[in-house]
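Q: Got a file for you: query.cif, mmCIF, C-alpha atoms and all ligand atoms.
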data_model
loop_
_atom_site.label_atom_id
_atom_site.label_comp_id
_atom_site.auth_asym_id
_atom_site.auth_seq_id
_atom_site.Cartn_x
_atom_site.Cartn_y
_atom_site.Cartn_z
CA MET Y 1 227.46 17.56 57.85
CA GLY Y 2 229.19 20.41 59.71
CA LYS Y 3 232.27 19.53 61.68
CA HIS Y 4 230.50 20.03 64.99
CA GLU Y 5 227.62 17.76 64.13
CA HIS Y 6 227.00 14.58 66.06
CA PRO Y 7 228.61 11.70 64.08
CA ALA Y 8 225.32 9.76 64.04
CA CYS Y 9 223.83 12.56 61.88
CA ALA Y 10 225.63 11.03 58.89
CA ILE Y 11 223.49 7.88 59.09
CA ALA Y 12 220.44 7.76 56.79
CA ALA Y 13 217.85 7.09 59.48
CA ASP Y 14 214.12 6.69 58.88
CA LEU Y 15 212.48 6.10 62.23
CA HIS Y 16 208.77 6.39 61.47
CA SER Y 17 206.76 4.20 59.08
CA HIS Y 18 203.76 1.91 58.81
CA SER Y 19 202.83 -1.54 57.52
CA THR Y 20 199.61 -3.50 56.98
CA VAL Y 21 199.64 -4.24 60.71
CA SER Y 22 198.18 -0.74 61.08
CA ASP Y 23 197.30 1.62 58.21
CA GLY Y 24 200.21 1.07 55.84
CA VAL Y 25 199.73 -0.74 52.53
CA LEU Y 26 202.86 -2.93 52.49
CA ALA Y 27 203.51 -5.97 54.68
CA PRO Y 28 206.27 -5.53 57.32
CA ARG Y 29 208.71 -7.54 55.19
CA GLU Y 30 207.94 -5.45 52.12
CA VAL Y 31 208.47 -2.14 53.92
CA VAL Y 32 211.84 -3.32 55.21
CA GLU Y 33 212.96 -4.43 51.76
CA ARG Y 34 211.80 -1.15 50.26
CA ALA Y 35 213.66 0.84 52.92
CA ALA Y 36 216.87 -1.09 52.24
CA ASN Y 37 216.47 -0.63 48.48
CA ARG Y 38 216.01 3.10 48.89
CA GLY Y 39 219.21 3.61 50.84
CA VAL Y 40 217.86 3.77 54.38
CA GLU Y 41 220.63 2.68 56.79
CA LEU Y 42 218.75 2.64 60.08
CA TYR Y 43 215.07 1.84 59.99
CA ALA Y 44 212.17 1.66 62.45
CA LEU Y 45 208.71 0.22 61.87
CA THR Y 46 206.27 2.18 64.05
CA ASP Y 47 202.75 0.89 63.51
CA HIS Y 48 199.86 2.58 65.29
CA ASP Y 49 199.21 0.97 68.69
CA GLU Y 50 200.66 -2.34 67.46
CA VAL Y 51 203.89 -4.30 67.74
CA SER Y 52 202.77 -7.49 66.01
CA GLY Y 53 204.62 -6.67 62.77
CA LEU Y 54 208.00 -6.28 64.42
CA ALA Y 55 209.07 -9.94 64.40
CA GLU Y 56 208.55 -10.21 60.63
CA ALA Y 57 210.26 -6.86 60.04
CA ASP Y 58 213.20 -7.79 62.25
CA ALA Y 59 213.69 -11.11 60.41
CA ALA Y 60 213.53 -9.36 57.04
CA ALA Y 61 215.97 -6.68 58.20
CA ARG Y 62 218.47 -9.35 59.23
CA GLU Y 63 218.17 -10.99 55.82
CA VAL Y 64 218.84 -7.78 53.91
CA GLY Y 65 221.42 -6.49 56.41
CA LEU Y 66 219.47 -3.39 57.45
CA ALA Y 67 219.91 -2.04 60.98
CA PHE Y 68 216.48 -2.25 62.56
CA VAL Y 69 214.88 -0.47 65.53
CA HIS Y 70 211.72 -1.88 67.11
CA GLY Y 71 209.10 0.86 67.20
CA VAL Y 72 205.48 1.74 67.83
CA GLU Y 73 203.33 4.87 67.46
CA ILE Y 74 200.92 5.28 70.35
CA SER Y 75 197.69 7.28 69.97
CA VAL Y 76 197.27 9.77 72.81
CA THR Y 77 194.55 12.17 73.83
CA TRP Y 78 196.06 15.31 75.29
CA SER Y 79 193.98 18.35 76.13
CA ALA Y 80 191.15 17.24 73.82
CA THR Y 81 193.64 16.81 70.93
CA THR Y 82 194.95 13.58 69.43
CA VAL Y 83 198.74 13.48 69.49
CA HIS Y 84 201.09 10.64 68.61
CA VAL Y 85 204.04 9.36 70.63
CA VAL Y 86 206.55 7.13 68.88
CA GLY Y 87 208.42 4.59 70.99
CA LEU Y 88 211.83 3.50 69.71
CA GLY Y 89 213.99 0.62 70.92
CA ILE Y 90 211.17 -1.12 72.75
CA ASP Y 91 211.16 -4.81 73.58
CA PRO Y 92 208.54 -6.13 71.13
CA ASP Y 93 207.74 -9.09 73.38
CA HIS Y 94 207.15 -6.98 76.49
CA ARG Y 95 203.93 -8.48 77.83
CA ARG Y 96 202.63 -5.42 79.67
CA LEU Y 97 203.25 -3.21 76.65
CA ARG Y 98 201.32 -5.65 74.47
CA GLU Y 99 198.40 -5.67 76.91
CA ARG Y 100 198.41 -1.90 77.16
CA LEU Y 101 198.42 -1.45 73.39
CA ALA Y 102 195.60 -3.99 73.07
CA ARG Y 103 193.58 -1.79 75.41
CA VAL Y 104 194.31 1.31 73.31
CA ARG Y 105 193.19 -0.58 70.19
CA SER Y 106 190.06 -2.00 71.76
CA GLY Y 107 187.69 0.89 71.05
CA ARG Y 108 188.50 1.05 67.33
CA THR Y 109 185.83 -1.31 66.02
CA GLU Y 110 182.98 0.43 67.84
CA ARG Y 111 184.37 3.80 66.76
CA ALA Y 112 184.47 2.59 63.15
CA ARG Y 113 180.82 1.49 63.38
CA GLN Y 114 179.90 4.96 64.60
CA MET Y 115 181.95 6.55 61.82
CA ALA Y 116 180.02 4.44 59.32
CA ALA Y 117 176.72 5.54 60.87
CA GLY Y 118 177.78 9.17 60.50
CA LEU Y 119 178.77 8.61 56.89
CA ALA Y 120 175.47 6.81 56.21
CA ALA Y 121 173.62 9.84 57.51
CA ALA Y 122 175.59 11.86 54.95
CA GLY Y 123 174.48 9.50 52.17
CA ILE Y 124 177.44 7.11 52.09
CA ASP Y 125 176.20 3.58 52.77
CA ASP Y 126 178.14 0.49 53.85
CA ALA Y 127 181.35 2.39 54.62
CA TYR Y 128 182.23 -0.02 57.44
CA GLU Y 129 182.20 -3.01 55.09
CA GLY Y 130 184.01 -0.95 52.48
CA ALA Y 131 186.75 0.13 54.87
CA LEU Y 132 187.16 -3.45 56.09
CA ARG Y 133 188.26 -4.50 52.62
CA PHE Y 134 191.41 -2.44 53.18
CA VAL Y 135 192.05 -3.74 56.70
CA ARG Y 136 194.63 -6.50 57.21
CA ASN Y 137 194.66 -6.45 61.02
CA PRO Y 138 191.10 -6.85 62.37
CA GLU Y 139 192.11 -5.09 65.59
CA LEU Y 140 193.19 -2.03 63.75
CA ILE Y 141 190.59 -0.32 61.62
CA SER Y 142 191.57 3.32 61.17
CA ARG Y 143 190.33 6.45 59.47
CA THR Y 144 192.86 5.75 56.74
CA HIS Y 145 190.99 2.59 55.74
CA PHE Y 146 187.76 4.57 55.41
CA ALA Y 147 189.64 7.15 53.36
CA ARG Y 148 190.97 4.55 50.93
CA HIS Y 149 187.48 3.10 50.53
CA LEU Y 150 185.94 6.53 49.82
CA VAL Y 151 188.61 7.26 47.22
CA GLU Y 152 188.15 3.91 45.55
CA SER Y 153 184.38 4.36 45.50
CA GLY Y 154 184.73 7.72 43.80
CA TYR Y 155 183.42 9.93 46.63
CA CYS Y 156 186.68 11.88 46.83
CA ARG Y 157 189.70 12.35 44.61
CA ASP Y 158 192.34 11.44 47.20
CA VAL Y 159 192.87 10.51 50.83
CA ARG Y 160 193.61 14.08 51.85
CA ASP Y 161 190.31 15.19 50.33
CA VAL Y 162 188.42 12.49 52.30
CA PHE Y 163 189.91 13.66 55.59
CA LYS Y 164 189.05 17.26 54.88
CA ARG Y 165 185.47 16.58 53.86
CA TYR Y 166 184.52 13.62 56.05
CA LEU Y 167 186.94 12.53 58.73
CA VAL Y 168 188.07 15.50 60.81
CA ALA Y 169 186.26 17.19 63.71
CA GLY Y 170 182.94 18.64 62.64
CA LYS Y 171 182.61 16.37 59.59
CA PRO Y 172 180.06 13.53 59.25
CA GLY Y 173 182.47 10.61 59.66
CA TYR Y 174 184.32 12.03 62.66
CA VAL Y 175 183.85 10.33 66.02
CA PRO Y 176 185.74 11.71 69.03
CA HIS Y 177 187.79 9.07 70.77
CA GLN Y 178 189.65 8.71 74.04
CA TRP Y 179 193.14 7.27 73.46
CA ALA Y 180 195.96 6.77 76.01
CA GLN Y 181 197.11 9.60 78.26
CA LEU Y 182 200.38 11.35 77.43
CA ASP Y 183 202.20 10.42 80.63
CA GLU Y 184 201.09 6.79 80.44
CA ALA Y 185 202.18 6.38 76.82
CA VAL Y 186 205.64 7.74 77.70
CA ALA Y 187 205.83 5.51 80.78
CA TRP Y 188 204.78 2.39 78.86
CA ILE Y 189 207.54 2.99 76.32
CA ALA Y 190 210.14 3.47 79.05
CA ASP Y 191 208.86 0.38 80.87
CA ALA Y 192 209.41 -1.63 77.66
CA GLY Y 193 213.00 -0.34 77.43
CA GLY Y 194 212.43 2.29 74.76
CA VAL Y 195 212.63 6.05 74.36
CA ALA Y 196 209.64 8.27 73.60
CA VAL Y 197 209.53 10.67 70.64
CA LEU Y 198 206.82 13.31 70.22
CA ALA Y 199 205.72 12.67 66.62
CA HIS Y 200 205.08 15.28 63.90
CA PRO Y 201 204.50 18.30 66.18
CA GLY Y 202 203.68 20.46 63.16
CA ARG Y 203 200.52 18.48 62.51
CA TYR Y 204 198.70 19.36 65.70
CA ARG Y 205 196.08 22.04 65.28
CA VAL Y 206 197.03 23.92 68.41
CA GLY Y 207 198.63 27.31 68.93
CA GLU Y 208 202.24 28.04 69.78
CA LEU Y 209 201.62 28.29 73.55
CA LYS Y 210 199.74 25.01 73.63
CA LEU Y 211 202.55 23.34 71.70
CA GLN Y 212 205.07 24.60 74.25
CA GLU Y 213 202.88 23.19 77.01
CA LEU Y 214 202.66 19.85 75.19
CA GLY Y 215 206.44 19.77 74.85
CA ARG Y 216 206.92 20.56 78.53
CA GLU Y 217 204.47 17.89 79.69
CA PHE Y 218 206.06 15.38 77.34
CA LYS Y 219 209.50 16.18 78.71
CA GLU Y 220 208.29 16.06 82.32
CA ALA Y 221 206.69 12.67 81.67
CA GLY Y 222 210.12 11.37 80.62
CA GLY Y 223 209.99 11.97 76.87
CA THR Y 224 213.34 11.96 75.07
CA ALA Y 225 213.01 13.42 71.59
CA LEU Y 226 211.04 15.60 69.21
CA GLU Y 227 210.38 14.50 65.63
CA VAL Y 228 211.90 17.57 64.04
CA VAL Y 229 211.99 16.16 60.52
CA THR Y 230 208.93 14.42 59.05
CA SER Y 231 207.35 14.39 55.63
CA ASN Y 232 204.81 17.14 56.15
CA HIS Y 233 206.92 19.66 58.05
CA THR Y 234 207.74 22.78 56.06
CA PRO Y 235 211.33 24.13 56.21
CA GLN Y 236 210.01 26.81 58.55
CA GLN Y 237 208.50 24.16 60.85
CA MET Y 238 211.75 22.19 60.85
CA ARG Y 239 213.57 25.31 62.05
CA GLN Y 240 210.85 25.99 64.62
CA PHE Y 241 211.02 22.47 66.05
CA ALA Y 242 214.82 22.37 65.93
CA ARG Y 243 214.76 25.45 68.15
CA MET Y 244 212.13 23.88 70.39
CA ALA Y 245 214.22 20.70 70.77
CA GLN Y 246 217.27 22.76 71.74
CA GLU Y 247 215.38 24.93 74.18
CA MET Y 248 213.70 21.97 75.84
CA GLU Y 249 216.83 19.82 75.77
CA LEU Y 250 215.15 17.15 73.74
CA GLU Y 251 216.96 14.99 71.21
CA ALA Y 252 215.74 15.01 67.60
CA SER Y 253 214.21 12.35 65.39
CA ARG Y 254 213.64 11.98 61.68
CA GLY Y 255 211.10 9.84 59.86
CA SER Y 256 209.10 9.74 56.66
CA ASP Y 257 205.83 8.47 58.20
CA PHE Y 258 205.65 6.32 55.09
CA HIS Y 259 202.28 4.56 54.62
CA GLY Y 260 202.61 3.24 51.09
CA PRO Y 261 203.95 3.95 47.61
CA GLU Y 262 200.71 5.48 46.37
CA GLU Y 263 199.71 7.50 49.39
CA SER Y 264 199.87 11.06 48.11
CA GLU Y 265 200.04 12.67 51.53
CA ASN Y 266 203.27 10.94 52.47
CA VAL Y 267 206.72 10.90 50.96
CA GLU Y 268 208.83 7.89 50.13
CA LEU Y 269 210.85 5.93 52.67
CA GLY Y 270 214.06 7.73 53.53
CA GLU Y 271 213.10 10.81 51.48
CA VAL Y 272 213.12 13.42 54.18
CA PRO Y 273 215.68 16.20 54.70
CA PRO Y 274 218.59 15.83 57.12
CA LEU Y 275 218.24 17.17 60.65
CA PRO Y 276 218.92 20.89 61.00
CA PRO Y 277 222.35 21.58 62.58
CA GLY Y 278 223.02 21.59 66.29
CA LEU Y 279 220.76 18.73 67.35
CA ILE Y 280 221.41 15.39 69.01
CA PRO Y 281 219.98 12.65 66.77
CA VAL Y 282 217.97 10.26 68.93
CA TRP Y 283 219.40 7.42 66.84
CA HIS Y 284 222.85 7.82 68.39
CA ARG Y 285 221.33 5.38 70.91
CA PHE Y 286 220.87 2.69 68.29
CA THR Y 287 224.18 2.83 66.46
P1 LIG D 1 193.14 7.04 63.32
O1 LIG D 1 194.23 6.48 64.20
O2 LIG D 1 192.13 5.99 62.93
O3 LIG D 1 192.51 8.27 63.88
O4 LIG D 1 193.82 7.45 61.94
C1 LIG D 1 194.92 8.34 61.97
C2 LIG D 1 195.68 8.24 60.66
O5 LIG D 1 194.99 8.90 59.65
C3 LIG D 1 197.03 8.92 60.72
O6 LIG D 1 197.99 8.09 61.25
C4 LIG D 1 197.29 9.22 59.27
O7 LIG D 1 197.80 8.07 58.65
C5 LIG D 1 195.91 9.47 58.72
N1 LIG D 1 195.59 10.90 58.62
C6 LIG D 1 195.21 11.74 59.61
N2 LIG D 1 194.94 12.96 59.14
C7 LIG D 1 195.15 12.91 57.81
C8 LIG D 1 195.02 13.85 56.72
N3 LIG D 1 194.62 15.09 56.93
N4 LIG D 1 195.31 13.41 55.49
C9 LIG D 1 195.70 12.15 55.27
N5 LIG D 1 195.82 11.21 56.24
C10 LIG D 1 195.56 11.60 57.48
MN MN D 2 198.66 6.45 59.94
MN MN D 3 201.06 9.93 63.47
MN MN D 4 202.73 7.58 61.67
#
Show this structure as structure tokens.
A:
Amino acid sequence: MGKHEHPACAIAADLHSHSTVSDGVLAPREVVERAANRGVELYALTDHDEVSGLAEADAAAREVGLAFVHGVEISVTWSATTVHVVGLGIDPDHRRLRERLARVRSGRTERARQMAAGLAAAGIDDAYEGALRFVRNPELISRTHFARHLVESGYCRDVRDVFKRYLVAGKPGYVPHQWAQLDEAVAWIADAGGVAVLAHPGRYRVGELKLQELGREFKEAGGTALEVVTSNHTPQQMRQFARMAQEMELEASRGSDFHGPEESENVELGEVPPLPPGLIPVWHRFT
């Protein structure tokens, strides 16, 4: 840590991860224990469109003495692209937030049925039932569950391969979906007492100009931080988004986006590089 760095930079923060309440493979309690065992000092559980794992995670964090931040990752449709907005420091019992997230989740089952129909047309039968075997929260069936099923059934060698061949735009199992709007997701998070973080900007398949526009709209909507460091950002992308955070006067976040110990596309809890220099870590708010 350089001498001009924000003191909170020294804290090993991991502010993006998933449990069985969405598409992670470990229960909330298990993810918390794993984070603590791996040296994470400040941890957030951020399940997709769900806060129902936070009570269990919070209790487990108290038991193991891990500083815990209540989080969520909201699915958003922006300019025909799916983007993700992480909310940190939200009130997990906020009734309106819970209702709003339930509405975002509500189309998932029908979408999954359509995905299965598309896969059936490509010669893969019973994918809905197969995916369901990996689902722990009936309100949250995701593409990841289909991917795990297709790997286990031998159609593909790993989850990444399934996405590429079956689950992205133009492929047989892809079904376009309308999620929340960007400004509403940011407002919901603020309403529930949290701060909004634009997740993994390097993952969006949009050009540089579009990304700038996304950043601007996010900021104008009241967004607070950019996830500069995440498992699949290259060093070059970390520098790019560090610059973007500085230029847009956004704070910076850091998270592994951990989904499970055997998920090849994601790294381990806490195992992401430190923030590049010259940024304000969003977690100064939680320390
Ligand atoms: P869904 O919300 O059902 O559209 O599923 C989105 C989830 O799929 C993300 O949160 C990731 O966990 C996973 N995912 C998306 N794209 C990929 C990819 N290319 N490789 C592996 N997992 C992916
Ligand atoms: Mn996921
Ligand atoms: Mn995401
Ligand atoms: Mn995530």
Q: Using only C-alpha atoms and all ligand atoms, find each protein or nucleic acid residue lying at most 10 Å from ligand MN 3 (chain D); present the set as a PyMOL selection string.
A: chain Y and resi 16-18+46-48+73-75+82-86+198-201+203-204+257
Q: Give me a file of those residues, with C-alpha atoms, as a short mmCIF file (atom, residue, chain, number, x, y, z; two decimals), in the coordinates of the input.
A:
data_model
loop_
_atom_site.label_atom_id
_atom_site.label_comp_id
_atom_site.auth_asym_id
_atom_site.auth_seq_id
_atom_site.Cartn_x
_atom_site.Cartn_y
_atom_site.Cartn_z
CA HIS Y 16 208.77 6.39 61.47
CA SER Y 17 206.76 4.20 59.08
CA HIS Y 18 203.76 1.91 58.81
CA THR Y 46 206.27 2.18 64.05
CA ASP Y 47 202.75 0.89 63.51
CA HIS Y 48 199.86 2.58 65.29
CA GLU Y 73 203.33 4.87 67.46
CA ILE Y 74 200.92 5.28 70.35
CA SER Y 75 197.69 7.28 69.97
CA THR Y 82 194.95 13.58 69.43
CA VAL Y 83 198.74 13.48 69.49
CA HIS Y 84 201.09 10.64 68.61
CA VAL Y 85 204.04 9.36 70.63
CA VAL Y 86 206.55 7.13 68.88
CA LEU Y 198 206.82 13.31 70.22
CA ALA Y 199 205.72 12.67 66.62
CA HIS Y 200 205.08 15.28 63.90
CA PRO Y 201 204.50 18.30 66.18
CA ARG Y 203 200.52 18.48 62.51
CA TYR Y 204 198.70 19.36 65.70
CA ASP Y 257 205.83 8.47 58.20
#
Q: Name the residues within 9 Å of (212.4, -0.6, 62.1), counting only C-alpha atoms in the file's coordinates, and put them as a PyMOL selection string.
A: chain Y and resi 14-17+32+42-46+54+57-58+61+66-71+88
Q: How many Å lie between atom CA of Ala102 of chain Y and atom CA of Glu217 of chain Y, rounded to one decimal?
A: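 So the answer is 24.5 Å.
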Q: Compile the contact shell of segment 105-121 of chain Y as an mmCIF file with C-alpha atoms, in the frame of the given file: residues with an atom at most 12 Å away, counting all atoms listed in the file, same-chain residues fewer than 6 positions apart removed.
A:
data_model
loop_
_atom_site.group_PDB
_atom_site.id
_atom_site.type_symbol
_atom_site.label_atom_id
_atom_site.label_comp_id
_atom_site.auth_asym_id
_atom_site.auth_seq_id
_atom_site.Cartn_x
_atom_site.Cartn_y
_atom_site.Cartn_z
ATOM 1 C CA SER Y 22 198.180 -0.740 61.080
ATOM 2 C CA ASP Y 47 202.750 0.890 63.510
ATOM 3 C CA HIS Y 48 199.860 2.580 65.290
ATOM 4 C CA ASP Y 49 199.210 0.970 68.690
ATOM 5 C CA GLU Y 50 200.660 -2.340 67.460
ATOM 6 C CA VAL Y 51 203.890 -4.300 67.740
ATOM 7 C CA GLU Y 73 203.330 4.870 67.460
ATOM 8 C CA ILE Y 74 200.920 5.280 70.350
ATOM 9 C CA SER Y 75 197.690 7.280 69.970
ATOM 10 C CA VAL Y 76 197.270 9.770 72.810
ATOM 11 C CA ARG Y 98 201.320 -5.650 74.470
ATOM 12 C CA GLU Y 99 198.400 -5.670 76.910
ATOM 13 C CA ALA Y 127 181.350 2.390 54.620
ATOM 14 C CA TYR Y 128 182.230 -0.020 57.440
ATOM 15 C CA GLU Y 129 182.200 -3.010 55.090
ATOM 16 C CA GLY Y 130 184.010 -0.950 52.480
ATOM 17 C CA ALA Y 131 186.750 0.130 54.870
ATOM 18 C CA LEU Y 132 187.160 -3.450 56.090
ATOM 19 C CA VAL Y 135 192.050 -3.740 56.700
ATOM 20 C CA ASN Y 137 194.660 -6.450 61.020
ATOM 21 C CA PRO Y 138 191.100 -6.850 62.370
ATOM 22 C CA GLU Y 139 192.110 -5.090 65.590
ATOM 23 C CA LEU Y 140 193.190 -2.030 63.750
ATOM 24 C CA ILE Y 141 190.590 -0.320 61.620
ATOM 25 C CA SER Y 142 191.570 3.320 61.170
ATOM 26 C CA ARG Y 143 190.330 6.450 59.470
ATOM 27 C CA THR Y 144 192.860 5.750 56.740
ATOM 28 C CA HIS Y 145 190.990 2.590 55.740
ATOM 29 C CA PHE Y 146 187.760 4.570 55.410
ATOM 30 C CA ALA Y 147 189.640 7.150 53.360
ATOM 31 C CA HIS Y 149 187.480 3.100 50.530
ATOM 32 C CA LEU Y 150 185.940 6.530 49.820
ATOM 33 C CA TYR Y 155 183.420 9.930 46.630
ATOM 34 C CA VAL Y 162 188.420 12.490 52.300
ATOM 35 C CA ARG Y 165 185.470 16.580 53.860
ATOM 36 C CA TYR Y 166 184.520 13.620 56.050
ATOM 37 C CA LEU Y 167 186.940 12.530 58.730
ATOM 38 C CA VAL Y 168 188.070 15.500 60.810
ATOM 39 C CA ALA Y 169 186.260 17.190 63.710
ATOM 40 C CA GLY Y 170 182.940 18.640 62.640
ATOM 41 C CA LYS Y 171 182.610 16.370 59.590
ATOM 42 C CA PRO Y 172 180.060 13.530 59.250
ATOM 43 C CA GLY Y 173 182.470 10.610 59.660
ATOM 44 C CA TYR Y 174 184.320 12.030 62.660
ATOM 45 C CA VAL Y 175 183.850 10.330 66.020
ATOM 46 C CA PRO Y 176 185.740 11.710 69.030
ATOM 47 C CA HIS Y 177 187.790 9.070 70.770
ATOM 48 C CA GLN Y 178 189.650 8.710 74.040
ATOM 49 C CA TRP Y 179 193.140 7.270 73.460
ATOM 50 C CA ALA Y 180 195.960 6.770 76.010
#
Q: Using only C-alpha atoms, can you list as a list in words the residues within 8 Å of (211.2, 15.1, 59.1)?
A: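 Those residues, ordered by chain and then number, are His200, Glu227, Val228, Val229, Thr230, Ser231, Asn232, His233, Met238, Ser253, Arg254, Gly255, Ser256, Val272, Pro273, Pro274 and Leu275 of chain Y.
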Q: May I have the selected residues written with C-alpha atoms, as a compact mmCIF listing (two decimals), keeping the file's coordinate frame?
A:
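Result file is selection.txt:
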# COMPACT_ATOMS: atom_id res chain seq x y z
CA HIS Y 200 205.08 15.28 63.90
CA GLU Y 227 210.38 14.50 65.63
CA VAL Y 228 211.90 17.57 64.04
CA VAL Y 229 211.99 16.16 60.52
CA THR Y 230 208.93 14.42 59.05
CA SER Y 231 207.35 14.39 55.63
CA ASN Y 232 204.81 17.14 56.15
CA HIS Y 233 206.92 19.66 58.05
CA MET Y 238 211.75 22.19 60.85
CA SER Y 253 214.21 12.35 65.39
CA ARG Y 254 213.64 11.98 61.68
CA GLY Y 255 211.10 9.84 59.86
CA SER Y 256 209.10 9.74 56.66
CA VAL Y 272 213.12 13.42 54.18
CA PRO Y 273 215.68 16.20 54.70
CA PRO Y 274 218.59 15.83 57.12
CA LEU Y 275 218.24 17.17 60.65
Q: Just how far from atom CA of Arg160 of chain Y is atom N2 of ligand LIG 1 (chain D), in Å to one decimal?
A: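 We find that atom N2 of ligand LIG 1 (chain D) and atom CA of Arg160 of chain Y lie 7.5 Å from each other.
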